[in-house]
Structure formats: structure tokens, C-alpha cells
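J.: Just one file: final-v3.pdb, with PDB, C-alpha atoms.
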ATOM      1  CA  MET D   1      24.774 139.973  42.566  1.00  0.00           C
ATOM      2  CA  ILE D   2      26.359 136.629  41.655  1.00  0.00           C
ATOM      3  CA  GLY D   3      30.141 136.318  41.620  1.00  0.00           C
ATOM      4  CA  ALA D   4      32.304 134.925  38.823  1.00  0.00           C
ATOM      5  CA  ALA D   5      32.470 131.507  40.536  1.00  0.00           C
ATOM      6  CA  GLY D   6      28.687 131.384  40.978  1.00  0.00           C
ATOM      7  CA  GLU D   7      28.704 132.455  44.622  1.00  0.00           C
ATOM      8  CA  GLN D   8      26.066 134.772  46.053  1.00  0.00           C
ATOM      9  CA  VAL D   9      27.612 138.188  46.711  1.00  0.00           C
ATOM     10  CA  GLY D  10      24.407 139.901  47.808  1.00  0.00           C
ATOM     11  CA  ILE D  11      23.100 143.384  47.115  1.00  0.00           C
ATOM     12  CA  VAL D  12      25.871 145.830  46.188  1.00  0.00           C
ATOM     13  CA  PRO D  13      25.871 149.340  44.697  1.00  0.00           C
ATOM     14  CA  ILE D  14      26.341 149.578  40.919  1.00  0.00           C
ATOM     15  CA  ALA D  15      29.658 151.417  41.297  1.00  0.00           C
ATOM     16  CA  GLN D  16      31.038 148.678  43.562  1.00  0.00           C
ATOM     17  CA  ALA D  17      29.791 145.947  41.172  1.00  0.00           C
ATOM     18  CA  LEU D  18      31.526 147.645  38.235  1.00  0.00           C
ATOM     19  CA  LYS D  19      34.731 147.959  40.247  1.00  0.00           C
ATOM     20  CA  MET D  20      34.606 144.238  41.161  1.00  0.00           C
ATOM     21  CA  ALA D  21      34.115 143.344  37.479  1.00  0.00           C
ATOM     22  CA  GLU D  22      37.071 145.506  36.477  1.00  0.00           C
ATOM     23  CA  GLU D  23      39.317 143.997  39.139  1.00  0.00           C
ATOM     24  CA  ALA D  24      38.374 140.445  38.070  1.00  0.00           C
ATOM     25  CA  GLU D  25      38.773 141.392  34.383  1.00  0.00           C
ATOM     26  CA  VAL D  26      35.272 140.149  33.548  1.00  0.00           C
ATOM     27  CA  ASP D  27      31.956 141.711  32.504  1.00  0.00           C
ATOM     28  CA  LEU D  28      29.028 142.739  34.677  1.00  0.00           C
ATOM     29  CA  VAL D  29      25.988 141.151  32.999  1.00  0.00           C
ATOM     30  CA  GLU D  30      22.365 141.773  33.992  1.00  0.00           C
ATOM     31  CA  ILE D  31      20.698 138.315  33.939  1.00  0.00           C
ATOM     32  CA  ALA D  32      17.331 139.107  35.587  1.00  0.00           C
ATOM     33  CA  PRO D  33      16.376 142.710  34.819  1.00  0.00           C
ATOM     34  CA  LEU D  34      12.770 142.312  36.028  1.00  0.00           C
ATOM     35  CA  ALA D  35      13.751 141.056  39.485  1.00  0.00           C
ATOM     36  CA  LYS D  36      13.603 143.455  42.427  1.00  0.00           C
ATOM     37  CA  PRO D  37      16.415 144.316  42.814  1.00  0.00           C
ATOM     38  CA  PRO D  38      17.753 143.313  39.354  1.00  0.00           C
ATOM     39  CA  VAL D  39      20.227 140.415  39.390  1.00  0.00           C
ATOM     40  CA  CYS D  40      23.670 140.751  37.793  1.00  0.00           C
ATOM     41  CA  LYS D  41      26.516 138.291  37.398  1.00  0.00           C
ATOM     42  CA  LEU D  42      30.260 138.630  36.916  1.00  0.00           C
ATOM     43  CA  MET D  43      31.248 136.634  33.830  1.00  0.00           C
ATOM     44  CA  ASP D  44      33.279 136.591  30.648  1.00  0.00           C
ATOM     45  CA  TYR D  45      30.424 137.492  28.309  1.00  0.00           C
ATOM     46  CA  GLY D  46      32.341 136.510  25.161  1.00  0.00           C
ATOM     47  CA  LYS D  47      32.999 132.999  26.485  1.00  0.00           C
ATOM     48  CA  PHE D  48      29.396 132.739  27.672  1.00  0.00           C
ATOM     49  CA  LYS D  49      28.031 133.565  24.201  1.00  0.00           C
ATOM     50  CA  TYR D  50      30.443 131.079  22.622  1.00  0.00           C
ATOM     51  CA  ARG D  51      29.317 128.258  24.958  1.00  0.00           C
ATOM     52  CA  GLU D  52      25.644 129.028  24.336  1.00  0.00           C
ATOM     53  CA  ALA D  53      26.144 128.994  20.548  1.00  0.00           C
ATOM     54  CA  LYS D  54      28.026 125.684  20.811  1.00  0.00           C
ATOM     55  CA  LYS D  55      25.211 124.128  22.896  1.00  0.00           C
ATOM     56  CA  ALA D  56      22.585 125.292  20.381  1.00  0.00           C
ATOM     57  CA  HIS D  57      24.626 123.869  17.500  1.00  0.00           C
ATOM     58  CA  GLU D  58      25.020 120.483  19.244  1.00  0.00           C
ATOM     59  CA  ALA D  59      21.294 120.336  20.027  1.00  0.00           C
ATOM     60  CA  LYS D  60      20.491 121.066  16.374  1.00  0.00           C
ATOM     61  CA  LEU D  61      22.773 118.244  15.219  1.00  0.00           C
ATOM     62  CA  LYS D  62      21.038 115.777  17.535  1.00  0.00           C
ATOM     63  CA  GLN D  63      17.566 116.772  16.387  1.00  0.00           C
ATOM     64  CA  LYS D  64      15.949 114.652  13.691  1.00  0.00           C
ATOM     65  CA  GLN D  65      15.642 116.683  10.498  1.00  0.00           C
ATOM     66  CA  ILE D  66      12.425 115.986   8.605  1.00  0.00           C
ATOM     67  CA  HIS D  67      12.693 116.353   4.839  1.00  0.00           C
ATOM     68  CA  VAL D  68      10.063 116.269   2.104  1.00  0.00           C
ATOM     69  CA  LYS D  69      10.819 113.627  -0.525  1.00  0.00           C
ATOM     70  CA  GLU D  70       8.957 113.867  -3.832  1.00  0.00           C
ATOM     71  CA  VAL D  71       7.817 110.905  -5.926  1.00  0.00           C
ATOM     72  CA  LYS D  72       6.253 111.578  -9.331  1.00  0.00           C
ATOM     73  CA  PHE D  73       3.512 109.599 -11.060  1.00  0.00           C
ATOM     74  CA  ARG D  74       1.652 109.806 -14.346  1.00  0.00           C
ATOM     75  CA  PRO D  75      -1.987 108.832 -14.951  1.00  0.00           C
ATOM     76  CA  GLY D  76      -0.705 105.930 -17.060  1.00  0.00           C
ATOM     77  CA  THR D  77       1.990 104.687 -14.632  1.00  0.00           C
ATOM     78  CA  ASP D  78       2.230 100.922 -15.200  1.00  0.00           C
ATOM     79  CA  GLU D  79       1.973  98.357 -12.407  1.00  0.00           C
ATOM     80  CA  GLY D  80       5.706  97.582 -12.172  1.00  0.00           C
ATOM     81  CA  ASP D  81       6.686 101.232 -11.991  1.00  0.00           C
ATOM     82  CA  TYR D  82       3.886 101.877  -9.498  1.00  0.00           C
ATOM     83  CA  LYS D  83       5.221  99.220  -7.109  1.00  0.00           C
ATOM     84  CA  ILE D  84       8.762 100.640  -7.307  1.00  0.00           C
ATOM     85  CA  LYS D  85       7.519 104.145  -6.549  1.00  0.00           C
ATOM     86  CA  LEU D  86       5.350 102.832  -3.722  1.00  0.00           C
ATOM     87  CA  ARG D  87       8.358 101.057  -2.158  1.00  0.00           C
ATOM     88  CA  ASN D  88      10.313 104.315  -2.332  1.00  0.00           C
ATOM     89  CA  LEU D  89       7.480 106.171  -0.612  1.00  0.00           C
ATOM     90  CA  ILE D  90       7.324 103.570   2.160  1.00  0.00           C
ATOM     91  CA  LYS D  91      11.107 103.779   2.611  1.00  0.00           C
ATOM     92  CA  PHE D  92      11.012 107.585   2.943  1.00  0.00           C
ATOM     93  CA  LEU D  93       8.089 107.480   5.389  1.00  0.00           C
ATOM     94  CA  ASP D  94       9.646 104.761   7.535  1.00  0.00           C
ATOM     95  CA  GLU D  95      12.801 106.900   7.774  1.00  0.00           C
ATOM     96  CA  GLY D  96      10.677 109.713   9.212  1.00  0.00           C
ATOM     97  CA  ASP D  97      10.469 111.983   6.165  1.00  0.00           C
ATOM     98  CA  LYS D  98       7.361 113.545   4.706  1.00  0.00           C
ATOM     99  CA  THR D  99       6.519 112.675   1.113  1.00  0.00           C
ATOM    100  CA  LYS D 100       5.080 114.726  -1.719  1.00  0.00           C
ATOM    101  CA  VAL D 101       3.158 112.672  -4.276  1.00  0.00           C
ATOM    102  CA  THR D 102       2.966 114.523  -7.595  1.00  0.00           C
ATOM    103  CA  LEU D 103       0.871 113.373 -10.546  1.00  0.00           C
ATOM    104  CA  ARG D 104       1.402 115.343 -13.764  1.00  0.00           C
ATOM    105  CA  TYR D 105      -1.071 115.490 -16.637  1.00  0.00           C
ATOM    106  CA  ARG D 106       0.061 116.048 -20.213  1.00  0.00           C
ATOM    107  CA  GLY D 107      -1.893 117.174 -23.245  1.00  0.00           C
ATOM    108  CA  ARG D 108      -5.237 115.412 -23.567  1.00  0.00           C
ATOM    109  CA  GLU D 109      -4.836 113.722 -20.185  1.00  0.00           C
ATOM    110  CA  MET D 110      -6.317 116.903 -18.700  1.00  0.00           C
ATOM    111  CA  ALA D 111      -9.650 115.901 -20.224  1.00  0.00           C
ATOM    112  CA  HIS D 112      -9.675 112.670 -18.178  1.00  0.00           C
ATOM    113  CA  GLN D 113      -8.442 113.762 -14.769  1.00  0.00           C
ATOM    114  CA  GLU D 114     -10.414 110.981 -13.088  1.00  0.00           C
ATOM    115  CA  PHE D 115      -7.657 108.474 -13.990  1.00  0.00           C
ATOM    116  CA  GLY D 116      -5.116 110.500 -12.048  1.00  0.00           C
ATOM    117  CA  VAL D 117      -7.511 110.955  -9.130  1.00  0.00           C
ATOM    118  CA  ARG D 118      -8.022 107.185  -8.931  1.00  0.00           C
ATOM    119  CA  LEU D 119      -4.281 106.562  -8.928  1.00  0.00           C
ATOM    120  CA  ILE D 120      -3.664 109.138  -6.173  1.00  0.00           C
ATOM    121  CA  GLU D 121      -6.469 107.559  -4.142  1.00  0.00           C
ATOM    122  CA  ARG D 122      -4.842 104.149  -4.592  1.00  0.00           C
ATOM    123  CA  VAL D 123      -1.511 105.535  -3.350  1.00  0.00           C
ATOM    124  CA  LYS D 124      -3.239 106.988  -0.286  1.00  0.00           C
ATOM    125  CA  GLN D 125      -4.936 103.675   0.532  1.00  0.00           C
ATOM    126  CA  ASP D 126      -1.764 101.632  -0.012  1.00  0.00           C
ATOM    127  CA  LEU D 127       0.153 103.913   2.351  1.00  0.00           C
ATOM    128  CA  GLU D 128      -2.426 103.989   5.157  1.00  0.00           C
ATOM    129  CA  PRO D 129      -0.282 101.741   7.438  1.00  0.00           C
ATOM    130  CA  HIS D 130       2.657 104.131   6.997  1.00  0.00           C
ATOM    131  CA  ALA D 131       1.259 107.651   6.654  1.00  0.00           C
ATOM    132  CA  VAL D 132      -1.518 110.140   7.204  1.00  0.00           C
ATOM    133  CA  VAL D 133      -2.558 112.769   4.689  1.00  0.00           C
ATOM    134  CA  GLU D 134      -1.179 116.180   5.612  1.00  0.00           C
ATOM    135  CA  GLN D 135      -2.356 117.889   2.420  1.00  0.00           C
ATOM    136  CA  TYR D 136      -5.215 116.319   0.524  1.00  0.00           C
ATOM    137  CA  PRO D 137      -4.890 116.043  -3.273  1.00  0.00           C
ATOM    138  CA  LYS D 138      -5.282 119.398  -5.017  1.00  0.00           C
ATOM    139  CA  MET D 139      -4.597 120.699  -8.499  1.00  0.00           C
ATOM    140  CA  GLU D 140      -1.699 123.100  -9.069  1.00  0.00           C
ATOM    141  CA  GLY D 141      -1.603 123.895 -12.759  1.00  0.00           C
ATOM    142  CA  ARG D 142      -1.290 120.535 -14.533  1.00  0.00           C
ATOM    143  CA  GLN D 143      -0.235 118.711 -11.385  1.00  0.00           C
ATOM    144  CA  LEU D 144      -2.253 116.885  -8.748  1.00  0.00           C
ATOM    145  CA  ILE D 145      -0.340 117.064  -5.468  1.00  0.00           C
ATOM    146  CA  MET D 146      -0.726 115.262  -2.139  1.00  0.00           C
ATOM    147  CA  VAL D 147       1.539 115.494   0.929  1.00  0.00           C
ATOM    148  CA  LEU D 148       1.851 112.630   3.416  1.00  0.00           C
ATOM    149  CA  ALA D 149       3.361 112.610   6.926  1.00  0.00           C
ATOM    150  CA  PRO D 150       4.861 109.490   8.531  1.00  0.00           C
ATOM    151  CA  ILE D 151       3.203 107.593  11.355  1.00  0.00           C
ATOM    152  CA  TRP D 152       5.538 106.664  14.198  1.00  0.00           C
ATOM    153  CA  ASP D 153       4.924 103.227  15.691  1.00  0.00           C
ATOM    154  CA  ILE D 154       5.821 103.392  19.374  1.00  0.00           C
ATOM    155  CA  SER D 155       5.833  99.591  19.489  1.00  0.00           C
ATOM    156  CA  SER D 156       9.198  99.711  17.690  1.00  0.00           C
ATOM    157  CA  PRO D 157      12.489 100.826  19.314  1.00  0.00           C
ATOM    158  CA  ALA D 158      13.060 103.240  16.406  1.00  0.00           C
ATOM    159  CA  GLY D 159       9.726 104.923  17.086  1.00  0.00           C
ATOM    160  CA  LEU D 160      10.636 105.419  20.742  1.00  0.00           C
ATOM    161  CA  ARG D 161      14.123 106.715  19.959  1.00  0.00           C
ATOM    162  CA  ASN D 162      12.854 109.341  17.541  1.00  0.00           C
ATOM    163  CA  GLU D 163      10.557 110.929  20.124  1.00  0.00           C
ATOM    164  CA  PRO D 164       7.389 111.211  17.987  1.00  0.00           C
ATOM    165  CA  CYS D 165       5.707 113.909  20.055  1.00  0.00           C
ATOM    166  CA  ARG D 166       8.617 116.342  19.683  1.00  0.00           C
ATOM    167  CA  HIS D 167       8.214 116.345  15.913  1.00  0.00           C
ATOM    168  CA  GLY D 168       4.441 116.677  15.957  1.00  0.00           C
ATOM    169  CA  LEU D 169       4.021 113.414  14.065  1.00  0.00           C
ATOM    170  CA  PRO D 170       1.009 111.091  14.416  1.00  0.00           C
ATOM    171  CA  ILE D 171       1.479 107.953  16.513  1.00  0.00           C
ATOM    172  CA  ARG D 172       0.214 104.487  15.623  1.00  0.00           C
ATOM    173  CA  PHE D 173      -0.951 102.689  18.781  1.00  0.00           C
ATOM    174  CA  SER D 174      -0.269  98.945  19.017  1.00  0.00           C
ATOM    175  CA  LYS D 175      -2.661  96.909  21.139  1.00  0.00           C
ATOM    176  CA  HIS D 176      -0.124  94.229  21.994  1.00  0.00           C
ATOM    177  CA  LEU D 177       1.746  96.789  24.145  1.00  0.00           C
ATOM    178  CA  MET D 178      -1.259  97.354  26.393  1.00  0.00           C
ATOM    179  CA  PRO D 179      -2.093  95.395  29.538  1.00  0.00           C
ATOM    180  CA  GLN D 180      -4.947  92.946  29.044  1.00  0.00           C
ATOM    181  CA  GLN D 181      -7.446  95.147  30.915  1.00  0.00           C
ATOM    182  CA  PHE D 182      -7.070  97.954  28.349  1.00  0.00           C
ATOM    183  CA  ARG D 183      -7.524  95.932  25.188  1.00  0.00           C
ATOM    184  CA  ASN D 184     -11.311  96.153  25.170  1.00  0.00           C
ATOM    185  CA  GLU D 185     -11.511  99.694  26.472  1.00  0.00           C
ATOM    186  CA  ASP D 186     -12.682 102.735  24.531  1.00  0.00           C
ATOM    187  CA  PRO D 187     -10.135 104.775  22.515  1.00  0.00           C
ATOM    188  CA  LYS D 188      -9.810 107.443  25.229  1.00  0.00           C
ATOM    189  CA  SER D 189      -8.452 104.857  27.668  1.00  0.00           C
ATOM    190  CA  VAL D 190      -6.020 103.635  25.032  1.00  0.00           C
ATOM    191  CA  ILE D 191      -4.751 107.155  24.338  1.00  0.00           C
ATOM    192  CA  SER D 192      -4.389 107.934  28.061  1.00  0.00           C
ATOM    193  CA  TYR D 193      -2.344 104.775  28.550  1.00  0.00           C
ATOM    194  CA  PHE D 194       0.077 105.537  25.729  1.00  0.00           C
ATOM    195  CA  PHE D 195       0.557 109.176  26.637  1.00  0.00           C
ATOM    196  CA  GLY D 196       1.375 107.978  30.148  1.00  0.00           C
ATOM    197  CA  ARG D 197       4.101 105.775  28.632  1.00  0.00           C
ATOM    198  CA  LEU D 198       5.463 108.646  26.557  1.00  0.00           C
ATOM    199  CA  ALA D 199       5.581 110.962  29.583  1.00  0.00           C
ATOM    200  CA  ARG D 200       7.999 108.544  31.267  1.00  0.00           C
ATOM    201  CA  LEU D 201      10.439 108.424  28.307  1.00  0.00           C
TER     202      LEU D 201
END
Show me this structure written as C-alpha cells.
T.:
Amino acid sequence: MIGAAGEQVGIVPIAQALKMAEEAEVDLVEIAPLAKPPVCKLMDYGKFKYREAKKAHEAKLKQKQIHVKEVKFRPGTDEGDYKIKLRNLIKFLDEGDKTKVTLRYRGREMAHQEFGVRLIERVKQDLEPHAVVEQYPKMEGRQLIMVLAPIWDISSPAGLRNEPCRHGLPIRFSKHLMPQQFRNEDPKSVISYFFGRLARL
């Protein structure tokens, strides 16, 4: 058994442990039921639960929340509007959010879906430095939908701070970070080098 101050009390009968808990005005809590013998601790269980909930809440606040931001296109989106929407997509991706690209057909536009497909393909190509395709374009009713996930660049301080691996996001490797001897190596050597760097963060 472990005492209320964290000291090792040793093996004691259940009746004695309960009496010690009552005298100290705390609870007897089993913390390792599978151990032989089981391990119990004297503690204020209400305060313990409160501290654990507070820790979990603080950890959640610190964690980067990834949102899905939607940007809508039409098959006939003009060049000026296209560039504005593309800038918005880049902004969302660089902030670490996923993006949902939605292209909606109306009326007779359904008969010429190839125009929408070309536009979605252009969006995908223009965003290659910033994103990878998480959901390839697919039709849902009258809408063509594609979902993109951001690429974290570990050459930037922001990329390092946001811990890319924890969020399961792809990483863009930058050759200028590697020692000279790695620059002409095969991709496996490059990946090993960078994961070694990440392990030390």
C-alpha cells in the first residue's frame, strides 16, 4: 500500500488499510488491481479526479485543432475569382487546416462535367506545394468534391512547433537542411535522416 504522502507502507490487511484511510479522512483507492498483491493508495479521490480532469482540459487546449475549411467553385469560375479562392485555400492549408474543394453543377452544366473536372484538376496541381489529396474528386449529387490535407514543412519554425507527426500530417522534406553527404542519397536515407531529427524534438 502507498500512503497519502506517497510513502511506501508495505503489505497490510484490508481491514487495517480501511482503518488507516478512515483515520486520515481519505479514500482507499486500488491503483493496480492486477498486481500481486494488488496495490492501493490513500488519497482524496475527489481531488484526484478534479486534477486529472484539469490536466486533460489543459492538454486539449494546447493541442492544435484541425478544421475543414470549404471553398466553393463553379465550372465557369472566372480567372480573378479563381485566384482569390486559391489564395484562401493556400491560407487555410498553411494554417494547418484541411480544405474541402466543392464544385457545384447547375442545370445543363451536368451534361459537360469535363469542365468541372478540369478545374478541380487545376486546383489540385496549383496546390501541390501546399497539400496532398486526402479524398480524390468524387461526385455527390450535383457536386464534385475533393478534400486536401496540409503539408508541414519542417524547414520552417512553424512546422517544427506544430509537431507534424502528432497530427498525422504529411511532411515536406527540404534538402537544404540535410548535410552535404545526404543530398545525393536515395529517398530512404533522406527519410531516415529527417525522422532522426524529429525523434530529438
J.: Could you expand the PyMOL selection byres ((chain D and resi 120) around 12) into the explicit residues it covers here, written as a short mmCIF file (atom, residue, chain, number, x, y, z; two decimals) with C-alpha atoms, in the coordinates of the input?
T.:
data_model
loop_
_atom_site.label_atom_id
_atom_site.label_comp_id
_atom_site.auth_asym_id
_atom_site.auth_seq_id
_atom_site.Cartn_x
_atom_site.Cartn_y
_atom_site.Cartn_z
CA VAL D 71 7.82 110.90 -5.93
CA LYS D 72 6.25 111.58 -9.33
CA PHE D 73 3.51 109.60 -11.06
CA ARG D 74 1.65 109.81 -14.35
CA PRO D 75 -1.99 108.83 -14.95
CA GLY D 76 -0.70 105.93 -17.06
CA THR D 77 1.99 104.69 -14.63
CA TYR D 82 3.89 101.88 -9.50
CA LEU D 86 5.35 102.83 -3.72
CA LYS D 100 5.08 114.73 -1.72
CA VAL D 101 3.16 112.67 -4.28
CA THR D 102 2.97 114.52 -7.60
CA LEU D 103 0.87 113.37 -10.55
CA ARG D 104 1.40 115.34 -13.76
CA GLN D 113 -8.44 113.76 -14.77
CA GLU D 114 -10.41 110.98 -13.09
CA PHE D 115 -7.66 108.47 -13.99
CA GLY D 116 -5.12 110.50 -12.05
CA VAL D 117 -7.51 110.96 -9.13
CA ARG D 118 -8.02 107.18 -8.93
CA LEU D 119 -4.28 106.56 -8.93
CA GLU D 121 -6.47 107.56 -4.14
CA ARG D 122 -4.84 104.15 -4.59
CA VAL D 123 -1.51 105.54 -3.35
CA LYS D 124 -3.24 106.99 -0.29
CA GLN D 125 -4.94 103.68 0.53
CA ASP D 126 -1.76 101.63 -0.01
CA LEU D 127 0.15 103.91 2.35
CA VAL D 133 -2.56 112.77 4.69
CA TYR D 136 -5.22 116.32 0.52
CA PRO D 137 -4.89 116.04 -3.27
CA LYS D 138 -5.28 119.40 -5.02
CA MET D 139 -4.60 120.70 -8.50
CA GLN D 143 -0.24 118.71 -11.38
CA LEU D 144 -2.25 116.88 -8.75
CA ILE D 145 -0.34 117.06 -5.47
CA MET D 146 -0.73 115.26 -2.14
CA VAL D 147 1.54 115.49 0.93
CA LEU D 148 1.85 112.63 3.42
#
J.: As JSON, what would the box around region 11-21 of chain D look like: edges along x, y and z, 6 Å added on every side, centre and edge lengths in Å to one decimal?
T.:
{"center_x": 28.9, "center_y": 147.4, "center_z": 42.3, "size_x": 23.6, "size_y": 20.1, "size_z": 21.6}
J.: Output the residue selection produced by the PyMOL selection byres ((chain D and resi 21) around 12) on the file above, formatted as a PDB file with C-alpha atoms, keeping the file's coordinate frame.
T.:
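Once written, part24.pdb looks like this:
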ATOM      1  CA  MET D   1      24.774 139.973  42.566  1.00  0.00           C
ATOM      2  CA  ILE D   2      26.359 136.629  41.655  1.00  0.00           C
ATOM      3  CA  GLY D   3      30.141 136.318  41.620  1.00  0.00           C
ATOM      4  CA  ALA D   4      32.304 134.925  38.823  1.00  0.00           C
ATOM      5  CA  ILE D  14      26.341 149.578  40.919  1.00  0.00           C
ATOM      6  CA  ALA D  15      29.658 151.417  41.297  1.00  0.00           C
ATOM      7  CA  GLN D  16      31.038 148.678  43.562  1.00  0.00           C
ATOM      8  CA  ALA D  17      29.791 145.947  41.172  1.00  0.00           C
ATOM      9  CA  LEU D  18      31.526 147.645  38.235  1.00  0.00           C
ATOM     10  CA  LYS D  19      34.731 147.959  40.247  1.00  0.00           C
ATOM     11  CA  MET D  20      34.606 144.238  41.161  1.00  0.00           C
ATOM     12  CA  GLU D  22      37.071 145.506  36.477  1.00  0.00           C
ATOM     13  CA  GLU D  23      39.317 143.997  39.139  1.00  0.00           C
ATOM     14  CA  ALA D  24      38.374 140.445  38.070  1.00  0.00           C
ATOM     15  CA  GLU D  25      38.773 141.392  34.383  1.00  0.00           C
ATOM     16  CA  VAL D  26      35.272 140.149  33.548  1.00  0.00           C
ATOM     17  CA  ASP D  27      31.956 141.711  32.504  1.00  0.00           C
ATOM     18  CA  LEU D  28      29.028 142.739  34.677  1.00  0.00           C
ATOM     19  CA  VAL D  29      25.988 141.151  32.999  1.00  0.00           C
ATOM     20  CA  CYS D  40      23.670 140.751  37.793  1.00  0.00           C
ATOM     21  CA  LYS D  41      26.516 138.291  37.398  1.00  0.00           C
ATOM     22  CA  LEU D  42      30.260 138.630  36.916  1.00  0.00           C
ATOM     23  CA  MET D  43      31.248 136.634  33.830  1.00  0.00           C
ATOM     24  CA  ASP D  44      33.279 136.591  30.648  1.00  0.00           C
ATOM     25  CA  TYR D  45      30.424 137.492  28.309  1.00  0.00           C
TER      26      TYR D  45
END
J.: I'd like the interatomic distance between CA of Val132 (chain D) and CA of Ala149 (chain D), to a tenth of an Å.
T.: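 That distance, rounded to one decimal, is 5.5 Å.
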J.: Determine the nearest neighbour of Lys36 (chain D) from the options D:Glu128, D:Glu109, D:Ile11, D:Val68, counting only C-alpha atoms.
T.: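 Of all the options, D:Ile11 lies closest to Lys36 (chain D).
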J.: If you measure from CA of Lys98 (chain D) to CA of Ile151 (chain D), what distance in Å do you get, rounded to one decimal?
T.: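 Straight-line distance from CA of Lys98 (chain D) to CA of Ile151 (chain D) works out to 9.8 Å.
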J.: So what do you get for CA of Gly141 (chain D) versus CA of Tyr105 (chain D), distance-wise?
T.: 9.3 Å
J.: Go through D:Ala59, D:Arg142, D:Pro150, D:Ile84 and flag the residue nearest Asp97 (chain D), using all atoms listed in the file for the distances.
T.: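 Distance minimum relative to Asp97 (chain D) lands on D:Pro150.
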J.: Write out all heavy atoms for region 28-35 of chain D, as a PDB file, keeping the file's coordinate frame.
T.:
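As a result, selection36.pdb now contains:
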ATOM      1  N   LEU D  28      30.184 142.716  33.778  1.00  0.00           N
ATOM      2  CA  LEU D  28      29.028 142.739  34.677  1.00  0.00           C
ATOM      3  C   LEU D  28      27.790 142.604  33.796  1.00  0.00           C
ATOM      4  O   LEU D  28      27.460 143.508  33.031  1.00  0.00           O
ATOM      5  CB  LEU D  28      28.987 144.044  35.471  1.00  0.00           C
ATOM      6  CG  LEU D  28      27.800 144.210  36.434  1.00  0.00           C
ATOM      7  CD1 LEU D  28      27.865 143.161  37.542  1.00  0.00           C
ATOM      8  CD2 LEU D  28      27.775 145.622  37.019  1.00  0.00           C
ATOM      9  N   VAL D  29      27.109 141.456  33.893  1.00  0.00           N
ATOM     10  CA  VAL D  29      25.988 141.151  32.999  1.00  0.00           C
ATOM     11  C   VAL D  29      24.696 141.066  33.796  1.00  0.00           C
ATOM     12  O   VAL D  29      24.614 140.347  34.802  1.00  0.00           O
ATOM     13  CB  VAL D  29      26.225 139.815  32.252  1.00  0.00           C
ATOM     14  CG1 VAL D  29      25.057 139.514  31.324  1.00  0.00           C
ATOM     15  CG2 VAL D  29      27.523 139.874  31.474  1.00  0.00           C
ATOM     16  N   GLU D  30      23.684 141.816  33.359  1.00  0.00           N
ATOM     17  CA  GLU D  30      22.365 141.773  33.992  1.00  0.00           C
ATOM     18  C   GLU D  30      21.628 140.535  33.484  1.00  0.00           C
ATOM     19  O   GLU D  30      21.330 140.420  32.298  1.00  0.00           O
ATOM     20  CB  GLU D  30      21.587 143.045  33.646  1.00  0.00           C
ATOM     21  CG  GLU D  30      20.314 143.215  34.447  1.00  0.00           C
ATOM     22  CD  GLU D  30      19.635 144.541  34.159  1.00  0.00           C
ATOM     23  OE1 GLU D  30      19.586 144.925  32.963  1.00  0.00           O
ATOM     24  OE2 GLU D  30      19.169 145.190  35.098  1.00  0.00           O
ATOM     25  N   ILE D  31      21.326 139.577  34.373  1.00  0.00           N
ATOM     26  CA  ILE D  31      20.698 138.315  33.939  1.00  0.00           C
ATOM     27  C   ILE D  31      19.217 138.239  34.308  1.00  0.00           C
ATOM     28  O   ILE D  31      18.484 137.405  33.762  1.00  0.00           O
ATOM     29  CB  ILE D  31      21.438 137.104  34.540  1.00  0.00           C
ATOM     30  CG1 ILE D  31      21.455 137.171  36.066  1.00  0.00           C
ATOM     31  CG2 ILE D  31      22.854 137.011  33.991  1.00  0.00           C
ATOM     32  CD1 ILE D  31      22.046 135.928  36.721  1.00  0.00           C
ATOM     33  N   ALA D  32      18.753 139.096  35.213  1.00  0.00           N
ATOM     34  CA  ALA D  32      17.331 139.107  35.587  1.00  0.00           C
ATOM     35  C   ALA D  32      16.901 140.548  35.808  1.00  0.00           C
ATOM     36  O   ALA D  32      16.752 141.018  36.942  1.00  0.00           O
ATOM     37  CB  ALA D  32      17.091 138.265  36.835  1.00  0.00           C
ATOM     38  N   PRO D  33      16.683 141.276  34.698  1.00  0.00           N
ATOM     39  CA  PRO D  33      16.376 142.710  34.819  1.00  0.00           C
ATOM     40  C   PRO D  33      15.036 143.009  35.487  1.00  0.00           C
ATOM     41  O   PRO D  33      14.847 144.095  36.030  1.00  0.00           O
ATOM     42  CB  PRO D  33      16.378 143.184  33.358  1.00  0.00           C
ATOM     43  CG  PRO D  33      16.106 141.953  32.555  1.00  0.00           C
ATOM     44  CD  PRO D  33      16.749 140.834  33.300  1.00  0.00           C
ATOM     45  N   LEU D  34      14.103 142.059  35.464  1.00  0.00           N
ATOM     46  CA  LEU D  34      12.770 142.312  36.028  1.00  0.00           C
ATOM     47  C   LEU D  34      12.697 141.991  37.516  1.00  0.00           C
ATOM     48  O   LEU D  34      11.685 142.257  38.162  1.00  0.00           O
ATOM     49  CB  LEU D  34      11.717 141.495  35.272  1.00  0.00           C
ATOM     50  CG  LEU D  34      11.578 141.818  33.773  1.00  0.00           C
ATOM     51  CD1 LEU D  34      10.507 140.947  33.143  1.00  0.00           C
ATOM     52  CD2 LEU D  34      11.256 143.293  33.566  1.00  0.00           C
ATOM     53  N   ALA D  35      13.744 141.367  38.052  1.00  0.00           N
ATOM     54  CA  ALA D  35      13.751 141.056  39.485  1.00  0.00           C
ATOM     55  C   ALA D  35      13.907 142.343  40.292  1.00  0.00           C
ATOM     56  O   ALA D  35      14.394 143.354  39.794  1.00  0.00           O
ATOM     57  CB  ALA D  35      14.889 140.094  39.789  1.00  0.00           C
TER      58      ALA D  35
END
